[in-house]
Every structure is written in C-alpha cells, then in structure tokens.
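Inspection log for the structure reproduced underneath, given as structure tokens.
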Amino acid sequence: METLLEAPHQLLITYIALTFIIQLRYFLIVGPLHWMLWNSKFYFKNAFKLSKSPPNPKTIKHEIKLSLISSFIYAAPTAVVLEMWKYGGTAIYSGVPEGMNGWFWVILSMFIYLFVQDAWFYWTHRLMHKKTLFKWMHSGHHKSIQPTPWASFSFDPLEAFSAAWLLPVLALLVPIHIYAAFALLMIMTVNAIFNHAGWEIYPQKWIEGSWGKNIITASHHNLHHTNFKGNYGLYFRFWDKLCNTDIGLIKR
C-alpha cells in the first residue's frame, strides 16, 4: 500500500486544492458580508458601526494581499494531516458516534480544541506585541487600525506560521470527529470575520449579557486594533480577565 512519503504528488495536489479552497472561502464569505455592512441598508439593520471611518481601499488591498499569502501557509500543515488521515495516521475519525458517551465526546472535543486554540492565541498574540517581535510578526495585521471583514485572515507570514500548525498537530493527538472538525473551521471563520467587521453584529442584549461578558465580539476586538494593546483573546475573555489585560468593550 502506498504511504504518504511514497505519494508526494498526491500531497502536492491536496496542498494546491486546499489553498484554492481557503482563498475561495475567504472571498465567498467576506465579500458578501462586507457589501451587506458597508454598501447596503437592508441587511443587519440593528448592527452598530464601530469604525470611525469608512473602509480605505488601500487598506483593503493590503488585507487581501496578506490573506492570500496566509492561505498558502495555512494549507501546508492541513494538507499533510489530511493525507495522513487517509492512511489512518491521525486522531480524526468518522462514522456515527456510539451512544451518549460518543456524542458527549464530539461536543467536548470541540470545546477542547477551542480552548487550546484560544490559550495559544492569547499568549502568542500578547508576545507578538512586544517591540522586538511586533515589527516582524504582527505589524501587518495592525495596519488595519479600523479593521474590515477583509482583515479577518490578514496575518504576517510569521504570525500565520505560528498559528497554522496548532490544530493539525492537535488532530494527531486528540480524537475529533471529521464533521466536528468541519464545524470548528466554520466557527473559526465566522468568528474571525465578525470580530473584524468594523460593526457589532450581535444584538445589544447579548453584548450586555453573559455572552458579551465572556465571549469576544467586535466590540471587544475593535478596541485592540485602535489601542494596540489589551483584549488579546480569540474566542473567550477568560485569559484577558485573568491576566488583567481586558480593556472592556466599545459602548453604543
């Protein structure tokens, strides 16, 4: 039976396909949302504008350029893991979960992945704001002082590399259902886009309630872009609150 190392051509095909899929997903989701928020009065009627200025075409061009570069970096470790999965070399599984314990693990594994990713992001993100690293790893992302949805994937190459390998490595160690993995990718995508939208899309009652107190939204992350410090988290405000780096929300 052919192994991963004996089939480099298949790995290359998977890598190219994944890069294309990542880029296509980026444009298909970000493009319509950007139009809905900034060019249409019909959608998201109750959304609250956070950005003090309209999107700058030059900034958007920069965001798209970095996002396309990032797609090549993110696709590489994912392609390797997908090829390993074909030969049973990962902790990814499929089929119908068995009993309550099986379904419980599907949900629990998703939270484990989100928590690990959130912790990794918080500490690496905070580290990248040190002067010695900021210029090389994070300054490109922060050219979006007033972010747009196009900034959701715009990372400097070194920052993209620091994050791209985490979930693929987890998929080698922590069992996760294939459909749970797909659901996680969608959660990550929507979260990143909403948090960089320049608008608060979630209802005000959510922002003022337990959701806004614990979950990061655009009202929380937009302050990070304008202040260049604080609010370092990805999904949850847990680490920011624990480490006294939570600087609150933009108020309506």
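Chain labels follow the order of the structure tokens: the first chain is A, the next B, and so on; residue numbering restarts at 1 in every chain, and ligands are counted from 1 in their shown order.
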For this session: Compile the contact shell of region 90-97 of chain A as a ChimeraX atom specification: residues with an atom at most 10 Å away, counting only C-alpha atoms, same-chain residues fewer than 5 positions apart removed.
Result: /A:81-85,102-106,168-181
Let's have the selection written as a PDB file, in the first residue's frame, with N, CA and C atoms.
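Everything below was put into selection_32.pdb:
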```
ATOM      1  N   VAL A  81      -1.825  16.658   7.220  1.00  0.00           N
ATOM      2  CA  VAL A  81      -2.707  15.906   8.126  1.00  0.00           C
ATOM      3  C   VAL A  81      -3.807  15.189   7.350  1.00  0.00           C
ATOM      4  N   LEU A  82      -4.361  15.826   6.339  1.00  0.00           N
ATOM      5  CA  LEU A  82      -5.399  15.170   5.538  1.00  0.00           C
ATOM      6  C   LEU A  82      -4.850  13.930   4.837  1.00  0.00           C
ATOM      7  N   GLU A  83      -3.638  14.029   4.321  1.00  0.00           N
ATOM      8  CA  GLU A  83      -3.038  12.866   3.678  1.00  0.00           C
ATOM      9  C   GLU A  83      -2.722  11.768   4.695  1.00  0.00           C
ATOM     10  N   MET A  84      -2.293  12.167   5.882  1.00  0.00           N
ATOM     11  CA  MET A  84      -2.046  11.187   6.941  1.00  0.00           C
ATOM     12  C   MET A  84      -3.346  10.510   7.361  1.00  0.00           C
ATOM     13  N   TRP A  85      -4.419  11.276   7.379  1.00  0.00           N
ATOM     14  CA  TRP A  85      -5.737  10.738   7.749  1.00  0.00           C
ATOM     15  C   TRP A  85      -6.153   9.616   6.800  1.00  0.00           C
ATOM     16  N   GLY A 102     -20.343   8.716  23.129  1.00  0.00           N
ATOM     17  CA  GLY A 102     -19.794   9.084  21.834  1.00  0.00           C
ATOM     18  C   GLY A 102     -20.199  10.493  21.429  1.00  0.00           C
ATOM     19  N   TRP A 103     -21.478  10.813  21.612  1.00  0.00           N
ATOM     20  CA  TRP A 103     -21.954  12.157  21.271  1.00  0.00           C
ATOM     21  C   TRP A 103     -21.407  13.205  22.234  1.00  0.00           C
ATOM     22  N   PHE A 104     -21.268  12.813  23.510  1.00  0.00           N
ATOM     23  CA  PHE A 104     -20.705  13.737  24.500  1.00  0.00           C
ATOM     24  C   PHE A 104     -19.277  14.113  24.123  1.00  0.00           C
ATOM     25  N   TRP A 105     -18.510  13.119  23.663  1.00  0.00           N
ATOM     26  CA  TRP A 105     -17.124  13.410  23.291  1.00  0.00           C
ATOM     27  C   TRP A 105     -17.050  14.307  22.057  1.00  0.00           C
ATOM     28  N   VAL A 106     -17.984  14.154  21.129  1.00  0.00           N
ATOM     29  CA  VAL A 106     -17.995  15.023  19.946  1.00  0.00           C
ATOM     30  C   VAL A 106     -18.062  16.488  20.377  1.00  0.00           C
ATOM     31  N   PRO A 168      -3.689  21.246  13.233  1.00  0.00           N
ATOM     32  CA  PRO A 168      -3.247  19.979  12.623  1.00  0.00           C
ATOM     33  C   PRO A 168      -2.513  19.064  13.594  1.00  0.00           C
ATOM     34  N   VAL A 169      -1.660  19.638  14.453  1.00  0.00           N
ATOM     35  CA  VAL A 169      -0.960  18.822  15.448  1.00  0.00           C
ATOM     36  C   VAL A 169      -1.957  18.243  16.459  1.00  0.00           C
ATOM     37  N   LEU A 170      -2.917  19.048  16.885  1.00  0.00           N
ATOM     38  CA  LEU A 170      -3.951  18.546  17.800  1.00  0.00           C
ATOM     39  C   LEU A 170      -4.695  17.368  17.182  1.00  0.00           C
ATOM     40  N   ALA A 171      -4.916  17.449  15.854  1.00  0.00           N
ATOM     41  CA  ALA A 171      -5.646  16.382  15.168  1.00  0.00           C
ATOM     42  C   ALA A 171      -4.849  15.073  15.136  1.00  0.00           C
ATOM     43  N   LEU A 172      -3.577  15.132  15.462  1.00  0.00           N
ATOM     44  CA  LEU A 172      -2.773  13.919  15.571  1.00  0.00           C
ATOM     45  C   LEU A 172      -2.871  13.302  16.959  1.00  0.00           C
ATOM     46  N   LEU A 173      -3.316  14.108  17.929  1.00  0.00           N
ATOM     47  CA  LEU A 173      -3.253  13.684  19.325  1.00  0.00           C
ATOM     48  C   LEU A 173      -4.622  13.527  19.994  1.00  0.00           C
ATOM     49  N   VAL A 174      -5.537  14.456  19.708  1.00  0.00           N
ATOM     50  CA  VAL A 174      -6.841  14.481  20.389  1.00  0.00           C
ATOM     51  C   VAL A 174      -7.925  14.028  19.422  1.00  0.00           C
ATOM     52  N   PRO A 175      -8.600  12.907  19.699  1.00  0.00           N
ATOM     53  CA  PRO A 175      -9.625  12.403  18.780  1.00  0.00           C
ATOM     54  C   PRO A 175     -10.720  13.445  18.509  1.00  0.00           C
ATOM     55  N   ILE A 176     -11.080  13.597  17.249  1.00  0.00           N
ATOM     56  CA  ILE A 176     -12.142  14.508  16.869  1.00  0.00           C
ATOM     57  C   ILE A 176     -12.868  13.951  15.648  1.00  0.00           C
ATOM     58  N   HIS A 177     -14.178  14.067  15.657  1.00  0.00           N
ATOM     59  CA  HIS A 177     -14.975  13.582  14.527  1.00  0.00           C
ATOM     60  C   HIS A 177     -14.753  14.503  13.333  1.00  0.00           C
ATOM     61  N   ILE A 178     -14.729  13.940  12.150  1.00  0.00           N
ATOM     62  CA  ILE A 178     -14.447  14.713  10.941  1.00  0.00           C
ATOM     63  C   ILE A 178     -15.441  15.861  10.771  1.00  0.00           C
ATOM     64  N   TYR A 179     -16.727  15.614  11.094  1.00  0.00           N
ATOM     65  CA  TYR A 179     -17.727  16.674  10.938  1.00  0.00           C
ATOM     66  C   TYR A 179     -17.597  17.728  12.035  1.00  0.00           C
ATOM     67  N   ALA A 180     -17.126  17.314  13.205  1.00  0.00           N
ATOM     68  CA  ALA A 180     -16.841  18.287  14.268  1.00  0.00           C
ATOM     69  C   ALA A 180     -15.694  19.186  13.845  1.00  0.00           C
ATOM     70  N   ALA A 181     -14.708  18.616  13.142  1.00  0.00           N
ATOM     71  CA  ALA A 181     -13.586  19.411  12.641  1.00  0.00           C
ATOM     72  C   ALA A 181     -14.075  20.434  11.620  1.00  0.00           C
TER      73      ALA A 181
END
```
For this session: Tell me which protein, DNA and RNA residues are within 10 Å of region 153-167 of chain A, counting only C-alpha atoms, leaving out same-chain ones fewer than 4 positions away, and put them as a VMD selection string.
Result: chain A and resid 23 26 30 60 62 to 78 81 113 to 114 116 to 117 120 to 121 124 to 125 128 133 to 144 149 171 to 174 181 189 192 to 193 196
Saved selection, atoms kept: N, CA and C atoms, as a compact mmCIF listing (two decimals), in the first residue's frame:
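Ended up saving to part03.txt:
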```txt
# COMPACT_ATOMS: atom_id res chain seq x y z
N GLN A 23 -8.81 30.20 -0.18
CA GLN A 23 -8.95 31.50 -0.82
C GLN A 23 -10.38 31.72 -1.31
N TYR A 26 -12.66 32.46 1.57
CA TYR A 26 -12.40 33.83 2.03
C TYR A 26 -13.21 34.84 1.22
N VAL A 30 -16.37 36.69 2.94
CA VAL A 30 -16.03 38.05 3.31
C VAL A 30 -16.66 39.07 2.36
N ILE A 60 -7.81 47.81 2.42
CA ILE A 60 -8.45 46.56 1.98
C ILE A 60 -7.53 45.78 1.05
N HIS A 62 -4.32 45.81 1.08
CA HIS A 62 -3.28 45.23 1.94
C HIS A 62 -3.82 44.00 2.67
N GLU A 63 -5.05 44.09 3.19
CA GLU A 63 -5.66 42.97 3.91
C GLU A 63 -5.81 41.75 3.00
N ILE A 64 -6.23 41.98 1.78
CA ILE A 64 -6.41 40.87 0.84
C ILE A 64 -5.07 40.25 0.48
N LYS A 65 -4.05 41.07 0.28
CA LYS A 65 -2.72 40.55 -0.07
C LYS A 65 -2.19 39.64 1.02
N LEU A 66 -2.25 40.09 2.29
CA LEU A 66 -1.76 39.27 3.39
C LEU A 66 -2.61 38.00 3.55
N SER A 67 -3.90 38.11 3.31
CA SER A 67 -4.79 36.95 3.44
C SER A 67 -4.44 35.88 2.41
N LEU A 68 -4.16 36.29 1.19
CA LEU A 68 -3.79 35.33 0.16
C LEU A 68 -2.47 34.65 0.49
N ILE A 69 -1.52 35.42 1.01
CA ILE A 69 -0.24 34.83 1.43
C ILE A 69 -0.47 33.83 2.56
N SER A 70 -1.32 34.21 3.52
CA SER A 70 -1.60 33.33 4.66
C SER A 70 -2.23 32.02 4.22
N SER A 71 -3.03 32.05 3.16
CA SER A 71 -3.70 30.83 2.71
C SER A 71 -2.68 29.76 2.30
N PHE A 72 -1.58 30.17 1.70
CA PHE A 72 -0.55 29.21 1.31
C PHE A 72 0.11 28.60 2.54
N ILE A 73 0.23 29.37 3.61
CA ILE A 73 0.88 28.89 4.83
C ILE A 73 -0.05 27.95 5.60
N TYR A 74 -1.32 28.33 5.72
CA TYR A 74 -2.28 27.51 6.46
C TYR A 74 -2.55 26.18 5.76
N ALA A 75 -2.51 26.19 4.44
CA ALA A 75 -2.84 24.98 3.69
C ALA A 75 -1.81 23.87 3.87
N ALA A 76 -0.55 24.23 4.12
CA ALA A 76 0.52 23.23 4.16
C ALA A 76 0.35 22.18 5.27
N PRO A 77 0.27 22.58 6.57
CA PRO A 77 0.12 21.54 7.60
C PRO A 77 -1.22 20.81 7.50
N THR A 78 -2.25 21.50 7.04
CA THR A 78 -3.55 20.86 6.89
C THR A 78 -3.51 19.79 5.81
N VAL A 81 -1.82 16.66 7.22
CA VAL A 81 -2.71 15.91 8.13
C VAL A 81 -3.81 15.19 7.35
N TYR A 113 -10.61 21.76 21.66
CA TYR A 113 -9.90 22.41 20.55
C TYR A 113 -10.01 23.92 20.64
N LEU A 114 -11.22 24.42 20.92
CA LEU A 114 -11.42 25.87 21.02
C LEU A 114 -10.62 26.45 22.18
N VAL A 116 -7.86 25.21 23.67
CA VAL A 116 -6.42 25.16 23.40
C VAL A 116 -6.03 26.24 22.40
N GLN A 117 -6.82 26.38 21.35
CA GLN A 117 -6.52 27.41 20.35
C GLN A 117 -6.61 28.80 20.96
N TRP A 120 -3.48 29.34 23.15
CA TRP A 120 -2.30 29.54 22.31
C TRP A 120 -2.32 30.92 21.68
N PHE A 121 -3.49 31.32 21.17
CA PHE A 121 -3.61 32.62 20.51
C PHE A 121 -3.35 33.75 21.50
N THR A 124 0.56 33.83 22.43
CA THR A 124 1.41 34.20 21.30
C THR A 124 1.07 35.61 20.82
N HIS A 125 -0.22 35.95 20.84
CA HIS A 125 -0.65 37.29 20.43
C HIS A 125 -0.07 38.35 21.36
N MET A 128 3.58 38.71 20.65
CA MET A 128 3.87 39.40 19.40
C MET A 128 3.73 40.92 19.52
N LEU A 133 9.28 41.76 18.60
CA LEU A 133 8.59 40.83 17.69
C LEU A 133 7.53 41.50 16.83
N PHE A 134 6.98 42.61 17.32
CA PHE A 134 5.83 43.22 16.66
C PHE A 134 6.11 43.53 15.18
N LYS A 135 7.25 44.13 14.92
CA LYS A 135 7.57 44.54 13.55
C LYS A 135 7.60 43.35 12.60
N TRP A 136 8.10 42.21 13.07
CA TRP A 136 8.31 41.06 12.20
C TRP A 136 7.11 40.13 12.13
N MET A 137 6.26 40.15 13.15
CA MET A 137 5.21 39.14 13.22
C MET A 137 3.78 39.67 13.21
N HIS A 138 3.58 40.96 13.53
CA HIS A 138 2.20 41.39 13.76
C HIS A 138 1.86 42.77 13.21
N SER A 139 2.86 43.50 12.75
CA SER A 139 2.61 44.87 12.30
C SER A 139 1.71 44.93 11.07
N GLY A 140 1.82 43.92 10.20
CA GLY A 140 0.98 43.91 9.00
C GLY A 140 -0.49 43.84 9.33
N HIS A 141 -0.83 43.03 10.32
CA HIS A 141 -2.24 42.92 10.71
C HIS A 141 -2.74 44.23 11.30
N HIS A 142 -1.88 44.93 12.00
CA HIS A 142 -2.30 46.16 12.68
C HIS A 142 -2.26 47.39 11.79
N LYS A 143 -1.96 47.21 10.53
CA LYS A 143 -2.17 48.32 9.60
C LYS A 143 -3.67 48.61 9.46
N SER A 144 -4.47 47.63 9.84
CA SER A 144 -5.93 47.80 9.87
C SER A 144 -6.32 48.36 11.24
N PRO A 149 -13.96 43.36 7.35
CA PRO A 149 -14.01 41.89 7.28
C PRO A 149 -12.84 41.27 6.53
N ALA A 171 -4.92 17.45 15.85
CA ALA A 171 -5.65 16.38 15.17
C ALA A 171 -4.85 15.07 15.14
N LEU A 172 -3.58 15.13 15.46
CA LEU A 172 -2.77 13.92 15.57
C LEU A 172 -2.87 13.30 16.96
N LEU A 173 -3.32 14.11 17.93
CA LEU A 173 -3.25 13.68 19.33
C LEU A 173 -4.62 13.53 19.99
N VAL A 174 -5.54 14.46 19.71
CA VAL A 174 -6.84 14.48 20.39
C VAL A 174 -7.92 14.03 19.42
N ALA A 181 -14.71 18.62 13.14
CA ALA A 181 -13.59 19.41 12.64
C ALA A 181 -14.08 20.43 11.62
N THR A 189 -13.93 30.63 11.21
CA THR A 189 -14.05 31.57 10.09
C THR A 189 -15.03 32.68 10.42
N ALA A 192 -13.73 35.04 13.21
CA ALA A 192 -12.69 35.97 12.75
C ALA A 192 -13.29 37.09 11.92
N ILE A 193 -14.22 36.76 11.04
CA ILE A 193 -14.82 37.76 10.16
C ILE A 193 -15.68 38.74 10.96
N HIS A 196 -13.73 41.28 13.05
CA HIS A 196 -13.01 42.31 12.29
C HIS A 196 -13.93 43.11 11.39
```
For this session: Identify, with DSSP run on backbone atoms, the residues in region 65-196 of chain A assigned to alpha helix (DSSP H), and express the list as JSON, numbers by chain.
Result: {"A": [65, 66, 67, 68, 69, 70, 71, 72, 73, 74, 75, 76, 77, 78, 79, 80, 81, 82, 83, 84, 85, 86, 99, 100, 101, 102, 103, 104, 105, 106, 107, 108, 109, 110, 111, 112, 113, 114, 115, 116, 117, 118, 119, 120, 121, 122, 123, 124, 125, 126, 127, 128, 131, 132, 133, 134, 135, 136, 137, 157, 158, 159, 160, 161, 162, 163, 164, 166, 167, 168, 169, 170, 171, 172, 173, 178, 179, 180, 181, 182, 183, 184, 185, 186, 187, 188, 189, 190, 191, 192, 193, 194, 195]}
Within 12 Å of region 209-220 of chain A, which residues of region 14-116 of chain A show up? Give each one with its shortest atom-to-atom distance in Å (one decimal) and the two atoms involved, counting only C-alpha atoms, rows by chain then rising residue number, as JSON lines.
```
{"residue": "A:Ala47", "atom": "CA", "partner": "A:Ala218", "partner_atom": "CA", "distance": 10.9}
{"residue": "A:Phe48", "atom": "CA", "partner": "A:Ser219", "partner_atom": "CA", "distance": 9.2}
{"residue": "A:Lys49", "atom": "CA", "partner": "A:Ser219", "partner_atom": "CA", "distance": 9.6}
{"residue": "A:Leu50", "atom": "CA", "partner": "A:Ser219", "partner_atom": "CA", "distance": 7.2}
{"residue": "A:Ser51", "atom": "CA", "partner": "A:Ser219", "partner_atom": "CA", "distance": 10.2}
```
Got time to write the residues from that selection, N, CA and C atoms, as a PDB file, in the first residue's frame?
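Here's the written file out.pdb:
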```
ATOM      1  N   ALA A  47     -27.238  46.434  13.363  1.00  0.00           N
ATOM      2  CA  ALA A  47     -25.793  46.410  13.606  1.00  0.00           C
ATOM      3  C   ALA A  47     -25.311  47.804  13.981  1.00  0.00           C
ATOM      4  N   PHE A  48     -24.298  47.838  14.859  1.00  0.00           N
ATOM      5  CA  PHE A  48     -23.758  49.110  15.355  1.00  0.00           C
ATOM      6  C   PHE A  48     -22.372  49.343  14.761  1.00  0.00           C
ATOM      7  N   LYS A  49     -22.182  50.474  14.099  1.00  0.00           N
ATOM      8  CA  LYS A  49     -20.905  50.756  13.456  1.00  0.00           C
ATOM      9  C   LYS A  49     -19.862  51.134  14.495  1.00  0.00           C
ATOM     10  N   LEU A  50     -18.731  50.432  14.462  1.00  0.00           N
ATOM     11  CA  LEU A  50     -17.638  50.661  15.409  1.00  0.00           C
ATOM     12  C   LEU A  50     -16.533  51.514  14.790  1.00  0.00           C
ATOM     13  N   SER A  51     -16.279  51.323  13.510  1.00  0.00           N
ATOM     14  CA  SER A  51     -15.214  52.059  12.840  1.00  0.00           C
ATOM     15  C   SER A  51     -15.586  53.527  12.703  1.00  0.00           C
TER      16      SER A  51
END
```
Exercise. Please, which residues of region 53-252 of chain A, numbered as in this document, come out strand (DSSP E) from DSSP, as a PyMOL selection string?
Worked result: chain A and resi 92-93+176-177+199-200
I need the chosen residues saved as a PDB file, in the first residue's frame, with C-alpha atoms.
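Written output follows (out-v1.pdb):
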```
ATOM      1  CA  ILE A  92      -9.599  12.130  13.224  1.00  0.00           C
ATOM      2  CA  TYR A  93     -12.424   9.599  12.995  1.00  0.00           C
ATOM      3  CA  ILE A 176     -12.142  14.508  16.869  1.00  0.00           C
ATOM      4  CA  HIS A 177     -14.975  13.582  14.527  1.00  0.00           C
ATOM      5  CA  TRP A 199     -19.529  46.630  13.072  1.00  0.00           C
ATOM      6  CA  GLU A 200     -21.058  44.934  16.103  1.00  0.00           C
TER       7      GLU A 200
END
```
Exercise. For Arg126 (chain A), which residue out of A:Ile112, A:Cys243, A:Met100, A:Leu37 is the nearest one, using only C-alpha atoms?
Worked result: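 So, comparing all the options, the nearest one is A:Cys243.
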